[in-house]
$ cat input_13.pdb   # PDB, C-alpha atoms
ATOM      1  CA  PHE F 113       0.000   0.000   0.000
ATOM      2  CA  PHE F 114       0.991   3.619  -0.539
ATOM      3  CA  SER F 115       1.825   6.083   2.195
ATOM      4  CA  VAL F 116      -0.281   9.209   2.675
ATOM      5  CA  GLN F 117       2.500  11.375   1.267
ATOM      6  CA  ALA F 118       2.758   9.261  -1.878
ATOM      7  CA  LEU F 119      -1.002   9.515  -2.415
ATOM      8  CA  ARG F 120      -0.898  13.307  -1.989
ATOM      9  CA  LYS F 121       1.930  13.526  -4.543
ATOM     10  CA  CYS F 122      -0.118  11.456  -7.020
ATOM     11  CA  LYS F 123      -3.121  13.725  -6.441
ATOM     12  CA  VAL F 124      -1.018  16.839  -7.158
ATOM     13  CA  LEU F 125       0.379  15.261 -10.335
ATOM     14  CA  TRP F 126      -3.086  14.249 -11.515
ATOM     15  CA  ARG F 127      -4.528  17.757 -10.927
ATOM     16  CA  ALA F 128      -1.590  19.385 -12.680
ATOM     17  CA  ALA F 129      -1.970  17.065 -15.672
ATOM     18  CA  SER F 130      -5.669  17.923 -15.966
ATOM     19  CA  TRP F 131      -4.748  21.621 -16.057
ATOM     20  CA  GLY F 132      -2.135  21.016 -18.720
ATOM     21  CA  VAL F 133       0.789  21.817 -16.379
ATOM     22  CA  CYS F 134       3.366  19.362 -15.136
ATOM     23  CA  PRO F 135       5.082  20.235 -11.798
ATOM     24  CA  LEU F 136       8.047  18.029 -12.695
ATOM     25  CA  GLY F 137       8.992  20.372 -15.558
ATOM     26  CA  LEU F 138       7.890  17.937 -18.275
ATOM     27  CA  GLU F 139       5.575  18.894 -21.106
ATOM     28  CA  ALA F 140       1.897  17.862 -20.871
ATOM     29  CA  PRO F 141       0.992  15.185 -23.426
ATOM     30  CA  GLU F 142      -0.213  16.487 -26.805
ATOM     31  CA  GLY F 143      -3.982  16.501 -27.327
ATOM     32  CA  GLY F 144      -4.663  14.818 -23.970
ATOM     33  CA  THR F 145      -5.420  17.493 -21.407
ATOM     34  CA  ARG F 146      -6.059  21.125 -22.072
ATOM     35  CA  GLY F 147      -5.186  24.192 -20.077
ATOM     36  CA  ARG F 148      -7.518  26.074 -17.765
ATOM     37  CA  GLN F 149      -7.705  29.051 -20.122
ATOM     38  CA  ALA F 150      -8.892  26.900 -23.030
ATOM     39  CA  ARG F 151     -11.474  25.238 -20.810
ATOM     40  CA  ASP F 152     -12.820  28.642 -19.650
ATOM     41  CA  GLN F 153     -13.090  29.855 -23.249
ATOM     42  CA  ASP F 154     -15.008  26.708 -24.198
ATOM     43  CA  TYR F 155     -17.409  27.209 -21.276
ATOM     44  CA  ALA F 156     -18.002  30.864 -22.218
ATOM     45  CA  ARG F 157     -18.726  29.928 -25.841
ATOM     46  CA  ARG F 158     -21.249  27.246 -24.783
ATOM     47  CA  SER F 159     -23.024  29.582 -22.357
ATOM     48  CA  LYS F 160     -23.358  32.248 -25.088
ATOM     49  CA  MET F 161     -24.872  29.668 -27.445
ATOM     50  CA  ALA F 162     -27.345  28.589 -24.743
ATOM     51  CA  GLU F 163     -28.363  32.237 -24.112
ATOM     52  CA  ALA F 164     -28.872  32.801 -27.847
ATOM     53  CA  GLN F 165     -31.131  29.750 -28.091
ATOM     54  CA  ALA F 166     -33.135  30.861 -25.048
ATOM     55  CA  ALA F 167     -33.600  34.324 -26.574
ATOM     56  CA  GLN F 168     -34.887  32.859 -29.846
ATOM     57  CA  GLN F 169     -37.528  30.626 -28.216
ATOM     58  CA  PRO F 170     -39.684  32.348 -25.584
ATOM     59  CA  LYS F 171     -40.666  29.851 -22.905
ATOM     60  CA  ARG F 172     -44.387  29.188 -22.881
ATOM     61  CA  ARG F 173     -46.274  28.255 -19.751
ATOM     62  CA  THR F 174     -48.534  25.310 -20.354
ATOM     63  CA  PHE F 175     -51.707  25.191 -18.330
ATOM     64  CA  ARG F 176     -53.543  21.970 -17.684
ATOM     65  CA  LYS F 177     -56.884  22.095 -19.455
ATOM     66  CA  PHE F 178     -59.806  21.452 -17.136
ATOM     67  CA  THR F 179     -62.024  18.485 -17.922
ATOM     68  CA  PHE F 180     -64.980  17.085 -15.996
ATOM     69  CA  ARG F 181     -65.304  13.343 -16.633
ATOM     70  CA  GLY F 182     -63.347  13.753 -19.881
ATOM     71  CA  ILE F 183     -65.420  16.688 -21.201
ATOM     72  CA  ASP F 184     -63.829  20.137 -21.441
ATOM     73  CA  LEU F 185     -65.372  23.301 -19.997
ATOM     74  CA  ALA F 186     -66.660  24.818 -23.251
ATOM     75  CA  GLN F 187     -68.663  21.665 -24.015
ATOM     76  CA  LEU F 188     -69.988  21.537 -20.433
ATOM     77  CA  LEU F 189     -71.344  25.071 -20.752
ATOM     78  CA  ASP F 190     -73.105  24.182 -24.039
ATOM     79  CA  MET F 191     -74.686  21.010 -22.615
ATOM     80  CA  LYS F 192     -78.336  20.752 -21.745
ATOM     81  CA  THR F 193     -79.215  20.089 -18.107
ATOM     82  CA  ASP F 194     -80.366  16.514 -18.801
ATOM     83  CA  GLU F 195     -77.048  15.609 -20.464
ATOM     84  CA  LEU F 196     -75.067  17.292 -17.678
ATOM     85  CA  VAL F 197     -76.981  15.465 -14.939
ATOM     86  CA  GLU F 198     -75.953  12.114 -16.452
ATOM     87  CA  LEU F 199     -72.304  12.988 -15.646
ATOM     88  CA  PHE F 200     -72.979  13.584 -11.938
ATOM     89  CA  CYS F 201     -72.808  10.998  -9.147
ATOM     90  CA  ALA F 202     -75.955   9.319  -7.832
ATOM     91  CA  ARG F 203     -77.013  11.811  -5.153
ATOM     92  CA  PRO F 204     -76.788  15.018  -7.252
ATOM     93  CA  ARG F 205     -78.327  13.125 -10.195
ATOM     94  CA  ARG F 206     -81.312  12.138  -8.056
ATOM     95  CA  LYS F 207     -81.742  15.714  -6.832
ATOM     96  CA  PHE F 208     -81.867  17.118 -10.374
ATOM     97  CA  GLN F 209     -84.184  14.362 -11.603
ATOM     98  CA  ARG F 210     -86.637  15.208  -8.821
ATOM     99  CA  GLY F 211     -86.510  18.835  -9.958
ATOM    100  CA  LEU F 212     -84.960  22.032  -8.603
ATOM    101  CA  LYS F 213     -87.095  23.999  -6.165
ATOM    102  CA  ARG F 214     -88.006  27.659  -6.449
ATOM    103  CA  LYS F 215     -85.193  28.905  -4.166
ATOM    104  CA  ALA F 216     -82.467  27.126  -6.175
ATOM    105  CA  LEU F 217     -83.805  28.543  -9.443
ATOM    106  CA  ALA F 218     -83.965  32.021  -7.870
ATOM    107  CA  LEU F 219     -80.271  31.720  -6.868
ATOM    108  CA  ILE F 220     -79.248  30.798 -10.427
ATOM    109  CA  LYS F 221     -81.277  33.751 -11.758
ATOM    110  CA  LYS F 222     -79.523  36.141  -9.307
ATOM    111  CA  LEU F 223     -76.111  34.798 -10.347
ATOM    112  CA  ARG F 224     -76.919  35.372 -14.026
ATOM    113  CA  LYS F 225     -78.008  38.945 -13.242
ATOM    114  CA  ALA F 226     -74.842  39.654 -11.206
ATOM    115  CA  LYS F 227     -72.654  38.334 -14.045
ATOM    116  CA  LYS F 228     -74.487  40.432 -16.613
ATOM    117  CA  GLU F 229     -74.165  43.641 -14.562
ATOM    118  CA  ALA F 230     -70.447  43.114 -13.792
ATOM    119  CA  PRO F 231     -67.976  45.232 -15.807
ATOM    120  CA  GLU F 232     -65.882  43.396 -18.398
ATOM    121  CA  GLY F 233     -62.908  41.547 -16.880
ATOM    122  CA  GLU F 234     -64.010  42.018 -13.254
ATOM    123  CA  LYS F 235     -65.566  39.676 -10.719
ATOM    124  CA  PRO F 236     -69.333  39.904 -10.329
ATOM    125  CA  GLU F 237     -70.872  41.141  -7.100
ATOM    126  CA  ALA F 238     -71.326  38.509  -4.391
ATOM    127  CA  VAL F 239     -74.764  36.897  -4.074
ATOM    128  CA  ARG F 240     -75.698  35.796  -0.555
ATOM    129  CA  THR F 241     -77.504  32.546   0.016
ATOM    130  CA  HIS F 242     -78.534  30.084   2.728
ATOM    131  CA  LEU F 243     -78.721  27.237   0.195
ATOM    132  CA  ARG F 244     -75.822  25.102   1.356
ATOM    133  CA  ASN F 245     -77.361  22.088  -0.405
ATOM    134  CA  MET F 246     -77.218  23.704  -3.864
ATOM    135  CA  ILE F 247     -75.135  21.661  -6.319
ATOM    136  CA  ILE F 248     -72.580  23.618  -8.339
ATOM    137  CA  VAL F 249     -73.243  23.548 -12.091
ATOM    138  CA  PRO F 250     -70.992  24.884 -14.904
ATOM    139  CA  GLU F 251     -73.183  27.973 -15.333
ATOM    140  CA  MET F 252     -72.093  29.205 -11.878
ATOM    141  CA  ILE F 253     -68.359  29.261 -12.725
ATOM    142  CA  GLY F 254     -66.801  32.680 -12.150
ATOM    143  CA  SER F 255     -69.559  33.822  -9.787
ATOM    144  CA  VAL F 256     -68.961  34.887  -6.192
ATOM    145  CA  ILE F 257     -71.412  33.440  -3.668
ATOM    146  CA  GLY F 258     -71.743  34.282   0.023
ATOM    147  CA  VAL F 259     -72.568  30.906   1.587
ATOM    148  CA  TYR F 260     -74.119  31.042   5.072
ATOM    149  CA  ASN F 261     -72.436  28.914   7.730
ATOM    150  CA  GLY F 262     -74.905  29.535  10.544
ATOM    151  CA  LYS F 263     -73.239  32.733  11.684
ATOM    152  CA  SER F 264     -71.809  34.632   8.705
ATOM    153  CA  PHE F 265     -71.643  34.522   4.909
ATOM    154  CA  ASN F 266     -68.336  33.111   3.644
ATOM    155  CA  GLN F 267     -67.508  34.353   0.155
ATOM    156  CA  VAL F 268     -66.752  31.530  -2.268
ATOM    157  CA  GLU F 269     -65.524  32.084  -5.823
ATOM    158  CA  ILE F 270     -66.793  29.248  -7.992
ATOM    159  CA  ARG F 271     -64.054  27.472  -9.969
ATOM    160  CA  PRO F 272     -64.361  24.646 -12.523
ATOM    161  CA  GLU F 273     -63.008  22.044 -10.065
ATOM    162  CA  MET F 274     -66.077  22.579  -7.856
ATOM    163  CA  ILE F 275     -68.620  21.211 -10.365
ATOM    164  CA  GLY F 276     -70.844  18.551  -8.838
ATOM    165  CA  HIS F 277     -70.063  19.552  -5.238
ATOM    166  CA  TYR F 278     -72.393  21.238  -2.746
ATOM    167  CA  LEU F 279     -71.975  24.926  -1.838
ATOM    168  CA  GLY F 280     -71.843  23.957   1.831
ATOM    169  CA  GLU F 281     -68.598  22.039   1.295
ATOM    170  CA  PHE F 282     -66.766  25.344   0.788
ATOM    171  CA  SER F 283     -68.177  27.192   3.822
ATOM    172  CA  ILE F 284     -67.107  25.463   7.039
ATOM    173  CA  THR F 285     -69.632  25.623   9.892
ATOM    174  CA  TYR F 286     -67.208  25.226  12.802
ATOM    175  CA  LYS F 287     -63.876  26.628  13.841
ATOM    176  CA  PRO F 288     -61.260  23.859  13.769
ATOM    177  CA  THR F 289     -59.583  23.488  17.160
ATOM    178  CA  ALA F 290     -55.897  24.160  17.589
ATOM    179  CA  HIS F 291     -55.045  21.942  20.549
ATOM    180  CA  GLY F 292     -52.563  23.376  23.032
ATOM    181  CA  ARG F 293     -51.259  21.705  26.168
ATOM    182  CA  PRO F 294     -53.833  19.971  28.371
ATOM    183  CA  GLY F 295     -54.978  22.069  31.330
ATOM    184  CA  ILE F 296     -55.158  21.227  35.003
ATOM    185  CA  GLY F 297     -57.716  18.559  35.827
ATOM    186  CA  SER F 298     -57.580  16.920  32.387
ATOM    187  CA  THR F 299     -56.065  13.698  33.753
ATOM    188  CA  ASN F 300     -55.318  12.163  37.141
ATOM    189  CA  SER F 301     -51.588  12.664  36.691
ATOM    190  CA  SER F 302     -52.087  16.417  36.228
ATOM    191  CA  ARG F 303     -52.749  16.729  39.977
ATOM    192  CA  PHE F 304     -49.059  16.223  40.640
ATOM    193  CA  ILE F 305     -47.883  18.959  38.270
ATOM    194  CA  PRO F 306     -46.447  21.694  40.518
ATOM    195  CA  LEU F 307     -48.095  25.107  40.193
ATOM    196  CA  LYS F 308     -45.744  27.902  39.187
TER     197      LYS F 308
END

$ encode --input "input_13.pdb" --output "structure tokens"
Amino acid sequence: FFSVQALRKCKVLWRAASWGVCPLGLEAPEGGTRGRQARDQDYARRSKMAEAQAAQQPKRRTFRKFTFRGIDLAQLLDMKTDELVELFCARPRRKFQRGLKRKALALIKKLRKAKKEAPEGEKPEAVRTHLRNMIIVPEMIGSVIGVYNGKSFNQVEIRPEMIGHYLGEFSITYKPTAHGRPGIGSTNSSRFIPLK
């Protein structure tokens, strides 16, 4: 085996050879290794070529196209209610087959009116409702609905991913608890915790 000094000497020789310099005063082999300066020039040339290619082709962001059960949004909006209902799960399908009640139809009418009155390129005014059991249909997309949670109206902006869900799913009725440390009296062992 080699000593540590011998290994260090080999390492120095190997590095020097890769830079094209020989510490022993001998010439570096022809065509084998190149000097640091040549390597830096090569790197600069490659980076300039990469920048030129990047400047020629502007990078496009590709957005995932929304589909509901394999049907894109434009086709969903053109569908008749009967065709759309066939795409839903059993519970929403049953609700639509039994017919929408007056309050649900009134909500849809208010949403249409709010969309029509909204300036171009802006969100429509929020429409408040207590109908947590209303199923979201493609016509509602882009609307802002204030859904009642028993205390206040939580504003929900309808997005394509929400189709087929209930309005109530997006307005939580309780405040989730953030559990801290257990207080005194929570367990028998807590009696022996010294008071500060």

$ residues_around --input "input_13.pdb" --residues "region 286-292 of chain F" --least-positions-apart "5" --cutoff "10 Å" --atoms "all atoms listed in the file" --output "list in words"
Asn261, Gly262 and Lys263 of chain F

$ write_last_selection --input "input_13.pdb" --atoms "C-alpha atoms" --output "PDB file, in the frame of the given file"
ATOM      1  CA  ASN F 261     -72.436  28.914   7.730  1.00  0.00           C
ATOM      2  CA  GLY F 262     -74.905  29.535  10.544  1.00  0.00           C
ATOM      3  CA  LYS F 263     -73.239  32.733  11.684  1.00  0.00           C
TER       4      LYS F 263
END

$ closest_residue --input "input_13.pdb" --among "F:Pro204, F:Pro250, F:Pro231, F:Gly276" --to "Met191 (chain F)" --atoms "all atoms listed in the file"
F:Pro250

$ closest_residue --input "input_13.pdb" --among "F:Arg148, F:Lys207, F:Arg214, F:Lys192" --to "Glu251 (chain F)" --atoms "all atoms listed in the file"
F:Lys192

$ closest_residue --input "input_13.pdb" --among "F:Ala167, F:Met252, F:Ile257, F:Ala216" --to "Val239 (chain F)" --atoms "all atoms listed in the file"
F:Ile257

$ atom_distance --input "input_13.pdb" --atom1 "CA of Val268 (chain F)" --atom2 "CA of Ala230 (chain F)"
16.8 Å

$ resolve_selection --input "input_13.pdb" --expression "the PyMOL selection byres ((chain F and resi 180) around 9)" --output "ChimeraX atom specification"
/F:178-179,181-185,188,199,272-273,275

$ atom_distance --input "input_13.pdb" --atom1 "CA of Lys221 (chain F)" --atom2 "CA of Arg203 (chain F)"
23.3 Å

$ atom_distance --input "input_13.pdb" --atom1 "CA of Ile248 (chain F)" --atom2 "CA of Gly280 (chain F)"
10.2 Å

$ closest_residue --input "input_13.pdb" --among "F:Lys215, F:Arg293, F:Arg206, F:Lys225" --to "Ala238 (chain F)" --atoms "all atoms listed in the file"
F:Lys225

$ closest_residue --input "input_13.pdb" --among "F:Val256, F:Arg176, F:Gly147, F:Leu196" --to "Glu234 (chain F)" --atoms "only C-alpha atoms"
F:Val256

$ closest_residue --input "input_13.pdb" --among "F:Val259, F:Ala150, F:Ile296, F:Ala156" --to "Thr241 (chain F)" --atoms "only C-alpha atoms"
F:Val259

$ resolve_selection --input "input_13.pdb" --expression "the PyMOL selection byres ((chain F and resi 236) around 6)" --output "number ranges by chain"
F: 226-227, 230, 235, 237

$ decode --input "input_13.pdb" --residues "region 165-208 of chain F" --atoms "C-alpha atoms" --output "PDB file, in the first residue's frame"
ATOM      1  CA  GLN F 165     -31.131  29.750 -28.091  1.00  0.00           C
ATOM      2  CA  ALA F 166     -33.135  30.861 -25.048  1.00  0.00           C
ATOM      3  CA  ALA F 167     -33.600  34.324 -26.574  1.00  0.00           C
ATOM      4  CA  GLN F 168     -34.887  32.859 -29.846  1.00  0.00           C
ATOM      5  CA  GLN F 169     -37.528  30.626 -28.216  1.00  0.00           C
ATOM      6  CA  PRO F 170     -39.684  32.348 -25.584  1.00  0.00           C
ATOM      7  CA  LYS F 171     -40.666  29.851 -22.905  1.00  0.00           C
ATOM      8  CA  ARG F 172     -44.387  29.188 -22.881  1.00  0.00           C
ATOM      9  CA  ARG F 173     -46.274  28.255 -19.751  1.00  0.00           C
ATOM     10  CA  THR F 174     -48.534  25.310 -20.354  1.00  0.00           C
ATOM     11  CA  PHE F 175     -51.707  25.191 -18.330  1.00  0.00           C
ATOM     12  CA  ARG F 176     -53.543  21.970 -17.684  1.00  0.00           C
ATOM     13  CA  LYS F 177     -56.884  22.095 -19.455  1.00  0.00           C
ATOM     14  CA  PHE F 178     -59.806  21.452 -17.136  1.00  0.00           C
ATOM     15  CA  THR F 179     -62.024  18.485 -17.922  1.00  0.00           C
ATOM     16  CA  PHE F 180     -64.980  17.085 -15.996  1.00  0.00           C
ATOM     17  CA  ARG F 181     -65.304  13.343 -16.633  1.00  0.00           C
ATOM     18  CA  GLY F 182     -63.347  13.753 -19.881  1.00  0.00           C
ATOM     19  CA  ILE F 183     -65.420  16.688 -21.201  1.00  0.00           C
ATOM     20  CA  ASP F 184     -63.829  20.137 -21.441  1.00  0.00           C
ATOM     21  CA  LEU F 185     -65.372  23.301 -19.997  1.00  0.00           C
ATOM     22  CA  ALA F 186     -66.660  24.818 -23.251  1.00  0.00           C
ATOM     23  CA  GLN F 187     -68.663  21.665 -24.015  1.00  0.00           C
ATOM     24  CA  LEU F 188     -69.988  21.537 -20.433  1.00  0.00           C
ATOM     25  CA  LEU F 189     -71.344  25.071 -20.752  1.00  0.00           C
ATOM     26  CA  ASP F 190     -73.105  24.182 -24.039  1.00  0.00           C
ATOM     27  CA  MET F 191     -74.686  21.010 -22.615  1.00  0.00           C
ATOM     28  CA  LYS F 192     -78.336  20.752 -21.745  1.00  0.00           C
ATOM     29  CA  THR F 193     -79.215  20.089 -18.107  1.00  0.00           C
ATOM     30  CA  ASP F 194     -80.366  16.514 -18.801  1.00  0.00           C
ATOM     31  CA  GLU F 195     -77.048  15.609 -20.464  1.00  0.00           C
ATOM     32  CA  LEU F 196     -75.067  17.292 -17.678  1.00  0.00           C
ATOM     33  CA  VAL F 197     -76.981  15.465 -14.939  1.00  0.00           C
ATOM     34  CA  GLU F 198     -75.953  12.114 -16.452  1.00  0.00           C
ATOM     35  CA  LEU F 199     -72.304  12.988 -15.646  1.00  0.00           C
ATOM     36  CA  PHE F 200     -72.979  13.584 -11.938  1.00  0.00           C
ATOM     37  CA  CYS F 201     -72.808  10.998  -9.147  1.00  0.00           C
ATOM     38  CA  ALA F 202     -75.955   9.319  -7.832  1.00  0.00           C
ATOM     39  CA  ARG F 203     -77.013  11.811  -5.153  1.00  0.00           C
ATOM     40  CA  PRO F 204     -76.788  15.018  -7.252  1.00  0.00           C
ATOM     41  CA  ARG F 205     -78.327  13.125 -10.195  1.00  0.00           C
ATOM     42  CA  ARG F 206     -81.312  12.138  -8.056  1.00  0.00           C
ATOM     43  CA  LYS F 207     -81.742  15.714  -6.832  1.00  0.00           C
ATOM     44  CA  PHE F 208     -81.867  17.118 -10.374  1.00  0.00           C
TER      45      PHE F 208
END
